[in-house]
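Colleague: My structure file target-v2.cif, mmCIF, C-alpha atoms and all ligand atoms, is below:
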```
data_model
#
loop_
_atom_site.label_atom_id
_atom_site.label_comp_id
_atom_site.auth_asym_id
_atom_site.auth_seq_id
_atom_site.Cartn_x
_atom_site.Cartn_y
_atom_site.Cartn_z
CA MET A 27 100.19 92.23 49.36
CA HIS A 28 102.16 90.94 52.37
CA ASN A 29 103.73 87.51 52.40
CA LYS A 30 101.97 85.09 54.71
CA ILE A 31 101.92 81.39 55.44
CA GLN A 32 98.32 81.17 56.61
CA ASN A 33 96.06 79.87 53.82
CA SER A 34 98.98 79.77 51.37
CA SER A 35 100.00 76.82 49.22
CA ILE A 36 103.65 75.97 49.58
CA LEU A 37 105.99 73.58 47.77
CA VAL A 38 109.07 72.27 49.56
CA THR A 39 111.46 70.38 47.28
CA GLY A 40 113.67 68.15 49.42
CA GLY A 41 111.14 68.43 52.26
CA ALA A 42 111.82 64.86 53.42
CA GLY A 43 115.43 65.82 54.08
CA PHE A 44 117.21 67.00 57.17
CA ILE A 45 116.59 70.77 56.96
CA GLY A 46 113.46 70.54 54.80
CA SER A 47 111.57 68.48 57.38
CA TYR A 48 112.15 71.20 59.99
CA VAL A 49 110.99 73.87 57.56
CA VAL A 50 107.74 71.92 57.04
CA GLU A 51 107.25 71.66 60.82
CA GLU A 52 107.73 75.43 61.19
CA LEU A 53 105.33 76.16 58.32
CA LEU A 54 102.61 74.00 59.84
CA LYS A 55 102.59 76.18 62.96
CA SER A 56 101.02 78.98 60.86
CA LYS A 57 98.18 77.02 59.23
CA PRO A 58 98.99 76.97 55.51
CA ALA A 59 96.30 75.84 53.04
CA LYS A 60 98.56 73.01 51.87
CA ILE A 61 102.18 71.94 51.71
CA ILE A 62 103.44 69.77 48.88
CA ILE A 63 106.70 67.95 49.48
CA LEU A 64 108.57 66.71 46.42
CA ASP A 65 111.42 64.40 47.35
CA ASN A 66 112.88 61.27 45.75
CA LEU A 67 114.08 59.99 49.15
CA ILE A 68 117.63 59.55 47.85
CA ARG A 69 118.67 60.93 51.24
CA GLY A 70 115.45 62.06 52.89
CA SER A 71 113.16 59.59 54.64
CA LEU A 72 109.63 58.90 55.82
CA GLU A 73 111.06 58.84 59.34
CA ASN A 74 112.13 62.49 59.01
CA MET A 75 108.49 63.32 58.22
CA ASN A 76 107.04 61.33 61.13
CA SER A 77 105.57 64.35 62.88
CA PHE A 78 103.55 65.55 59.87
CA ILE A 79 103.19 62.81 57.26
CA GLN A 80 99.62 62.07 58.45
CA ASN A 81 98.67 65.76 58.51
CA PRO A 82 95.91 66.34 55.93
CA LEU A 83 97.51 69.67 54.97
CA VAL A 84 100.65 67.84 53.80
CA LYS A 85 100.90 66.02 50.50
CA PHE A 86 104.07 64.01 50.07
CA ILE A 87 105.02 63.16 46.50
CA GLU A 88 107.84 60.67 46.10
CA GLY A 89 109.35 61.91 42.88
CA ASP A 90 112.29 63.58 41.25
CA VAL A 91 112.84 67.28 40.54
CA ARG A 92 114.36 66.15 37.24
CA ASP A 93 110.87 65.05 36.15
CA THR A 94 109.70 68.32 34.59
CA THR A 95 106.07 67.23 34.11
CA LEU A 96 105.84 66.27 37.76
CA LEU A 97 107.57 69.49 38.78
CA GLU A 98 105.04 71.48 36.75
CA ASN A 99 102.13 69.65 38.41
CA CYS A 100 103.63 70.48 41.81
CA ILE A 101 104.19 74.18 41.04
CA ALA A 102 100.82 74.97 39.36
CA GLY A 103 98.71 76.87 41.90
CA ILE A 104 101.52 77.28 44.44
CA ASP A 105 102.17 80.60 46.26
CA TYR A 106 105.65 79.95 47.67
CA VAL A 107 108.48 77.53 46.90
CA PHE A 108 111.32 76.42 49.17
CA HIS A 109 113.88 74.86 46.85
CA MET A 110 115.99 72.56 48.98
CA ALA A 111 116.41 69.39 46.90
CA ALA A 112 120.09 69.01 46.09
CA LEU A 113 122.94 66.55 45.99
CA ARG A 114 125.60 66.82 48.63
CA ILE A 115 129.02 68.27 47.90
CA ASN A 116 130.77 64.88 47.66
CA ALA A 117 127.99 63.40 45.52
CA CYS A 118 128.43 66.28 43.06
CA ALA A 119 132.18 65.68 42.96
CA ALA A 120 131.66 61.94 42.41
CA ASN A 121 129.12 62.48 39.64
CA PRO A 122 129.16 66.01 38.23
CA ARG A 123 126.79 65.10 35.38
CA GLU A 124 124.14 64.08 37.89
CA GLY A 125 125.02 67.22 39.83
CA PHE A 126 124.35 69.21 36.67
CA GLU A 127 120.93 67.58 36.16
CA VAL A 128 119.81 68.01 39.77
CA MET A 129 121.44 71.27 40.78
CA LEU A 130 121.44 73.24 37.52
CA ARG A 131 118.95 71.92 34.97
CA SER A 132 116.21 71.19 37.53
CA THR A 133 116.71 74.52 39.27
CA PHE A 134 116.40 76.25 35.90
CA ASN A 135 113.18 74.36 35.12
CA LEU A 136 111.86 75.21 38.57
CA ALA A 137 112.60 78.93 38.15
CA GLU A 138 110.96 78.97 34.72
CA LEU A 139 107.84 77.25 36.09
CA CYS A 140 107.73 79.66 39.04
CA VAL A 141 107.54 82.51 36.51
CA LYS A 142 104.89 80.68 34.45
CA TYR A 143 102.67 80.05 37.49
CA LYS A 144 103.34 83.43 39.11
CA VAL A 145 104.83 82.03 42.31
CA ARG A 146 105.05 84.89 44.81
CA LYS A 147 108.46 84.08 46.24
CA VAL A 148 111.17 81.40 46.11
CA ILE A 149 113.41 80.66 49.09
CA TYR A 150 116.54 79.07 47.67
CA SER A 151 118.89 76.97 49.80
CA SER A 152 122.38 78.12 48.90
CA SER A 153 125.54 77.42 50.85
CA ALA A 154 128.62 78.94 52.42
CA SER A 155 130.47 76.72 49.94
CA VAL A 156 130.07 79.53 47.40
CA TYR A 157 132.94 81.36 49.17
CA GLY A 158 135.54 78.60 49.06
CA LEU A 159 138.08 79.88 51.57
CA ALA A 160 136.63 83.32 52.27
CA GLN A 161 138.64 86.52 52.29
CA HIS A 162 137.37 87.79 55.64
CA PHE A 163 136.44 86.25 58.98
CA PRO A 164 133.68 86.80 59.95
CA THR A 165 132.61 86.49 56.31
CA PRO A 166 130.10 89.01 54.94
CA GLU A 167 127.93 88.23 51.90
CA THR A 168 130.06 90.68 49.89
CA ASP A 169 133.12 88.40 49.97
CA ASN A 170 133.78 87.19 46.45
CA PRO A 171 133.18 83.57 45.36
CA TYR A 172 136.27 83.18 43.17
CA ASP A 173 138.04 80.90 45.60
CA ASN A 174 135.37 78.19 45.40
CA GLN A 175 136.80 75.06 43.76
CA THR A 176 133.82 72.72 44.01
CA PHE A 177 131.11 71.84 41.51
CA TYR A 178 128.59 72.05 44.37
CA GLY A 179 129.65 75.59 45.38
CA GLY A 180 129.63 76.65 41.74
CA ALA A 181 126.16 75.17 41.23
CA LYS A 182 124.79 76.95 44.31
CA LEU A 183 126.26 80.24 43.15
CA TRP A 184 124.80 79.72 39.68
CA GLY A 185 121.41 79.10 41.31
CA GLU A 186 121.66 82.41 43.15
CA GLN A 187 122.53 84.16 39.90
CA LEU A 188 119.74 82.39 38.03
CA PHE A 189 117.15 83.71 40.51
CA ARG A 190 118.77 87.15 40.39
CA SER A 191 118.46 87.25 36.61
CA PHE A 192 114.83 85.99 36.74
CA LYS A 193 114.02 88.74 39.24
CA PHE A 194 115.56 91.29 36.87
CA THR A 195 113.93 89.86 33.75
CA TYR A 196 110.57 88.55 35.00
CA GLY A 197 110.13 90.07 38.46
CA LEU A 198 110.27 86.67 40.24
CA ASP A 199 110.83 87.41 43.94
CA TYR A 200 113.38 85.28 45.78
CA VAL A 201 115.74 85.15 48.73
CA ALA A 202 118.83 82.90 48.81
CA LEU A 203 120.19 81.63 52.13
CA ARG A 204 123.82 80.61 52.47
CA TYR A 205 123.79 78.07 55.28
CA PHE A 206 127.04 77.36 57.10
CA ASN A 207 127.56 73.98 58.85
CA VAL A 208 124.07 72.79 59.74
CA TYR A 209 123.78 70.11 62.42
CA GLY A 210 121.11 68.55 64.63
CA SER A 211 118.69 65.67 65.06
CA ARG A 212 117.85 63.87 61.81
CA MET A 213 121.24 64.63 60.26
CA ASP A 214 122.62 61.80 58.18
CA THR A 215 123.95 58.99 60.37
CA ASP A 216 124.89 56.19 58.05
CA GLY A 217 125.31 57.64 54.57
CA LYS A 218 128.55 57.56 52.68
CA TYR A 219 129.39 61.04 53.92
CA THR A 220 128.67 60.49 57.56
CA GLU A 221 129.25 63.60 59.54
CA VAL A 222 132.21 63.80 61.90
CA MET A 223 129.93 64.38 64.90
CA ILE A 224 128.17 61.07 64.33
CA ARG A 225 131.49 59.21 64.11
CA TRP A 226 132.52 60.74 67.42
CA LEU A 227 129.17 59.94 69.05
CA ASP A 228 129.74 56.32 68.04
CA CYS A 229 133.16 56.46 69.75
CA ILE A 230 131.56 57.91 72.87
CA SER A 231 128.99 55.12 73.02
CA ASN A 232 131.58 52.39 72.27
CA GLY A 233 134.31 53.81 74.50
CA ASN A 234 136.78 54.11 71.59
CA SER A 235 139.17 57.03 71.20
CA PRO A 236 137.72 59.60 68.81
CA LEU A 237 139.99 60.27 65.84
CA ILE A 238 140.92 63.71 64.61
CA TYR A 239 142.54 63.89 61.19
CA GLY A 240 145.09 66.71 61.07
CA ASP A 241 145.82 68.96 64.05
CA GLY A 242 142.14 69.73 64.75
CA SER A 243 142.50 73.41 63.93
CA THR A 244 140.15 73.36 60.91
CA SER A 245 137.18 75.45 61.97
CA MET A 246 133.51 75.59 61.07
CA ASP A 247 130.49 77.62 62.00
CA PHE A 248 127.91 75.16 63.37
CA VAL A 249 124.34 76.36 63.16
CA TYR A 250 121.49 74.34 64.63
CA VAL A 251 118.90 73.02 62.17
CA ARG A 252 115.90 74.59 63.96
CA ASP A 253 117.55 78.00 63.64
CA VAL A 254 118.08 77.37 59.93
CA ALA A 255 114.37 76.52 59.56
CA LYS A 256 113.50 79.79 61.30
CA ALA A 257 115.72 81.71 58.88
CA ASN A 258 113.73 80.16 56.02
CA ILE A 259 110.44 81.28 57.54
CA ALA A 260 111.81 84.78 58.13
CA ALA A 261 112.94 84.91 54.50
CA LEU A 262 109.47 84.00 53.29
CA LEU A 263 107.57 86.40 55.54
CA SER A 264 109.79 89.42 55.00
CA GLU A 265 109.14 91.75 52.09
CA VAL A 266 112.85 91.53 51.24
CA THR A 267 113.58 90.22 47.76
CA ASP A 268 116.61 89.77 45.49
CA GLU A 269 119.03 89.31 48.40
CA VAL A 270 121.37 86.61 49.70
CA PHE A 271 121.96 86.05 53.42
CA ASN A 272 124.47 84.14 55.48
CA VAL A 273 122.91 81.78 58.01
CA GLY A 274 125.45 80.71 60.60
CA ASN A 275 125.84 80.77 64.36
CA CYS A 276 128.60 83.41 64.15
CA GLU A 277 130.95 81.30 66.26
CA GLU A 278 134.13 79.74 64.94
CA THR A 279 134.60 76.23 66.36
CA SER A 280 137.69 74.16 65.59
CA LEU A 281 137.34 70.40 65.25
CA LYS A 282 139.24 70.04 68.50
CA GLN A 283 136.84 72.43 70.27
CA LEU A 284 133.89 70.62 68.75
CA LEU A 285 135.10 67.29 70.08
CA ASP A 286 135.76 68.80 73.52
CA ALA A 287 132.22 70.20 73.59
CA LEU A 288 130.73 66.88 72.47
CA LEU A 289 132.69 64.98 75.14
CA LYS A 290 131.61 67.52 77.77
CA VAL A 291 127.88 67.33 77.08
CA ASN A 292 128.15 63.53 77.23
CA ASN A 293 130.27 63.51 80.42
CA SER A 294 132.94 61.58 78.56
CA THR A 295 136.65 61.56 79.49
CA LEU A 296 137.85 59.89 76.27
CA ILE A 297 141.17 61.21 74.91
CA PRO A 298 141.27 61.92 71.16
CA GLU A 299 143.86 60.38 68.86
CA PHE A 300 145.32 62.50 66.11
CA ARG A 301 145.96 60.99 62.67
CA GLU A 302 147.69 62.40 59.65
CA GLU A 303 145.29 64.19 57.33
CA ASN A 304 145.09 62.21 54.09
CA THR A 305 143.35 64.87 52.04
CA VAL A 306 144.08 68.56 51.74
CA ASN A 307 141.12 70.58 52.94
CA PRO A 308 141.10 73.76 50.85
CA VAL A 309 138.62 75.39 53.25
CA SER A 310 140.31 75.59 56.63
CA ARG A 311 138.02 78.19 58.22
CA ARG A 312 134.37 79.15 58.33
CA LEU A 313 132.78 81.97 60.32
CA ALA A 314 129.61 83.74 59.26
CA ASP A 315 128.78 87.39 59.60
CA ASN A 316 124.98 87.28 60.03
CA SER A 317 124.48 90.99 60.52
CA LYS A 318 122.64 91.41 57.22
CA ALA A 319 120.11 88.70 58.17
CA LYS A 320 119.66 90.33 61.55
CA ARG A 321 119.11 93.76 60.00
CA LEU A 322 116.83 92.81 57.09
CA LEU A 323 115.17 89.54 58.21
CA ASN A 324 115.25 90.07 61.96
CA PHE A 325 116.88 86.63 62.14
CA GLU A 326 119.26 85.62 64.89
CA PRO A 327 120.27 82.07 65.88
CA THR A 328 119.16 81.08 69.37
CA VAL A 329 120.55 77.57 69.98
CA THR A 330 124.02 77.45 71.56
CA LEU A 331 126.51 74.77 70.50
CA GLU A 332 126.16 73.09 73.89
CA GLU A 333 122.34 72.95 73.63
CA GLY A 334 122.49 71.73 70.06
CA LEU A 335 125.06 69.01 70.80
CA THR A 336 123.01 67.85 73.79
CA GLU A 337 119.88 67.53 71.64
CA LEU A 338 121.83 65.82 68.85
CA SER A 339 123.41 63.32 71.27
CA GLN A 340 120.07 62.42 72.90
CA TRP A 341 118.44 61.89 69.53
CA TYR A 342 121.31 59.81 68.16
CA PHE A 343 121.67 57.53 71.17
CA LYS A 344 117.91 56.93 71.22
CA LYS A 345 117.94 56.09 67.51
CA LYS A 346 120.95 53.81 67.92
CA LYS A 347 119.31 51.97 70.79
CA ALA A 348 116.09 51.51 68.83
CA THR A 349 118.05 50.08 65.87
CA GLU A 350 119.97 47.67 68.13
CA VAL A 351 116.73 46.48 69.76
CA SER A 352 115.08 45.85 66.37
CA ILE A 353 118.05 43.79 65.03
N1 LIG A 401 123.29 70.48 55.75
C1 LIG A 401 124.12 71.50 55.53
O1 LIG A 401 125.06 71.70 56.30
C2 LIG A 401 123.90 72.43 54.36
C3 LIG A 401 124.78 73.51 54.22
C4 LIG A 401 124.60 74.38 53.14
C5 LIG A 401 123.55 74.19 52.26
N2 LIG A 401 122.73 73.11 52.41
C6 LIG A 401 121.63 72.96 51.44
O2 LIG A 401 120.40 72.89 52.13
C7 LIG A 401 119.48 72.05 51.41
C8 LIG A 401 118.97 70.97 52.33
O3 LIG A 401 120.09 70.22 52.79
P1 LIG A 401 119.99 69.04 53.85
O4 LIG A 401 121.16 69.12 54.73
O5 LIG A 401 118.64 69.00 54.42
O6 LIG A 401 120.26 67.79 52.90
P2 LIG A 401 119.39 66.49 52.65
O7 LIG A 401 120.18 65.65 51.73
O8 LIG A 401 118.94 65.90 53.94
O9 LIG A 401 118.11 67.09 51.90
C9 LIG A 401 118.00 67.20 50.51
C10 LIG A 401 116.77 66.44 50.10
O10 LIG A 401 116.64 66.51 48.68
C11 LIG A 401 116.24 65.25 48.21
N3 LIG A 401 116.67 65.14 46.82
C12 LIG A 401 117.93 65.03 46.33
N4 LIG A 401 117.90 64.93 45.00
C13 LIG A 401 116.61 64.99 44.62
C14 LIG A 401 115.95 64.92 43.38
N5 LIG A 401 116.63 64.76 42.24
N6 LIG A 401 114.60 65.02 43.36
C15 LIG A 401 113.88 65.15 44.50
N7 LIG A 401 114.46 65.19 45.72
C16 LIG A 401 115.81 65.12 45.77
C17 LIG A 401 116.90 64.23 49.12
O11 LIG A 401 116.24 62.98 49.16
C18 LIG A 401 116.83 64.95 50.46
O12 LIG A 401 115.66 64.58 51.18
C19 LIG A 401 120.25 71.52 50.22
O13 LIG A 401 119.97 72.33 49.11
C20 LIG A 401 121.70 71.68 50.63
O14 LIG A 401 122.56 71.81 49.52
C21 LIG A 401 122.87 72.23 53.45
#
```
Please render this file's structure as structure tokens.
Modeller:
Amino acid sequence: MHNKIQNSSILVTGGAGFIGSYVVEELLKSKPAKIIILDNLIRGSLENMNSFIQNPLVKFIEGDVRDTTLLENCIAGIDYVFHMAALRINACAANPREGFEVMLRSTFNLAELCVKYKVRKVIYSSSASVYGLAQHFPTPETDNPYDNQTFYGGAKLWGEQLFRSFKFTYGLDYVALRYFNVYGSRMDTDGKYTEVMIRWLDCISNGNSPLIYGDGSTSMDFVYVRDVAKANIAALLSEVTDEVFNVGNCEETSLKQLLDALLKVNNSTLIPEFREENTVNPVSRRLADNSKAKRLLNFEPTVTLEEGLTELSQWYFKKKKATEVSI
């Protein structure tokens, strides 16, 4: 039987989050029977779900993936699961025990329940963090993960391996997606781990010099959130199983280039200030090789950095203005 969204029941853990909310929006375009969102709102928000929270096909459950009874109630009768609930990399480093409960124990419980309730396929949000500093640029999925030094990267890799072993042992179908640096509207603006782009957008709106720590040569592969949502849909619909895929934009952008692009789309002439880097970044480069996703999932990113940064800037300035007005 082919995978399909129409008339299917789908669980999205972490669906109130940044990427998860876009996945829900994409799913709704194909008329599912129902979508259950399980999210404890530790980072996600009702605001992220504005466009669909009133939709009768969507049931939002404010709860924790660590609550196994609740998780079981959510999974019973479900056809497909997107497992996106996770702690961020710095939160895992700050509290590895909580990281263990959320990223490892809950993912194990989820996989076991997916077997019990014969879920047809799991789409697992993994991360480029599994590579640490990769061996090759562009990085193919075959690069080894031994350079990863983070609890978060290790947990994501373990998740991939867990699903692999459950496919082998129980026949549970899954696809794991290794996202690179996801950005776009609804990304975190005021959390503890505020993204560098948001800091710079604040500088642009306040007229302050944007700061670059280090020489600005650290590079990332910025992939727009709507493209990441589309990769998730492609992973569900395809008959491919037991595979991991990189999801990046396949463009290496240094921090300096990123700032230049952000200044350009905002017509800003601010000059950056460089400051000494106070932490050693063990991952100085990121660049995805997406060719496997193109070949097997027919997935290719479509949003250029300039388009994405324009959309992000418009969203952020509008949000900032609305907050200022309401204060
Ligand atoms: N944003 C990126 O650049 C990126 C890169 C690689 C991988 N990922 C992965 O993609 C997925 C989605 O990331 P995101 O950027 O949307 O992050 P996010 O923090 O916005 O989304 C994660 C969601 O999970 C929820 N959550 C956390 N712990 C929970 C718990 N115990 N129970 C229930 N809900 C819980 C949060 O409230 C949040 O809404 C995550 O698995 C993340 O690790 C993200």
Colleague: With all atoms listed in the file as the counted atoms, please give the residues lying no more than 7 Å from segment 290-306 of chain A, apart from itself and same-chain residues fewer than 4 positions off, as a ChimeraX atom specification.
Modeller: /A:230,235-241,286,332,336
Colleague: With 6 Å added on each side, what axis-aligned box encloses every listed atom of ligand LIG 401 (chain A)? Give the centre and edge lengths in Å to one decimal, as JSON.
Modeller:
```
{"center_x": 119.5, "center_y": 68.7, "center_z": 49.3, "size_x": 23.2, "size_y": 23.4, "size_z": 26.1}
```
Colleague: May I have the residues within 8 Å of segment 39-50 of chain A as an MDAnalysis selection string, using all atoms listed in the file and disregarding those fewer than 6 positions away in the same chain?
Modeller: chainID A and resid 61 63:67 69:72 74:75 91 107:112 212:214 251:252 254:256 258:259
Colleague: Quick one: pull the distance between atom CA of Thr349 of chain A and atom CA of Lys282 of chain A, Å, one decimal.
Modeller: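 Interatomic distance, atom CA of Thr349 of chain A to atom CA of Lys282 of chain A: 29.2 Å.
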Colleague: Counting all atoms listed in the file, which residue out of A:Gly274, A:Pro308, A:Pro58, A:Gly185 sits closest to Lys320 of chain A?
Modeller: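 Nearest to Lys320 of chain A: A:Gly274.
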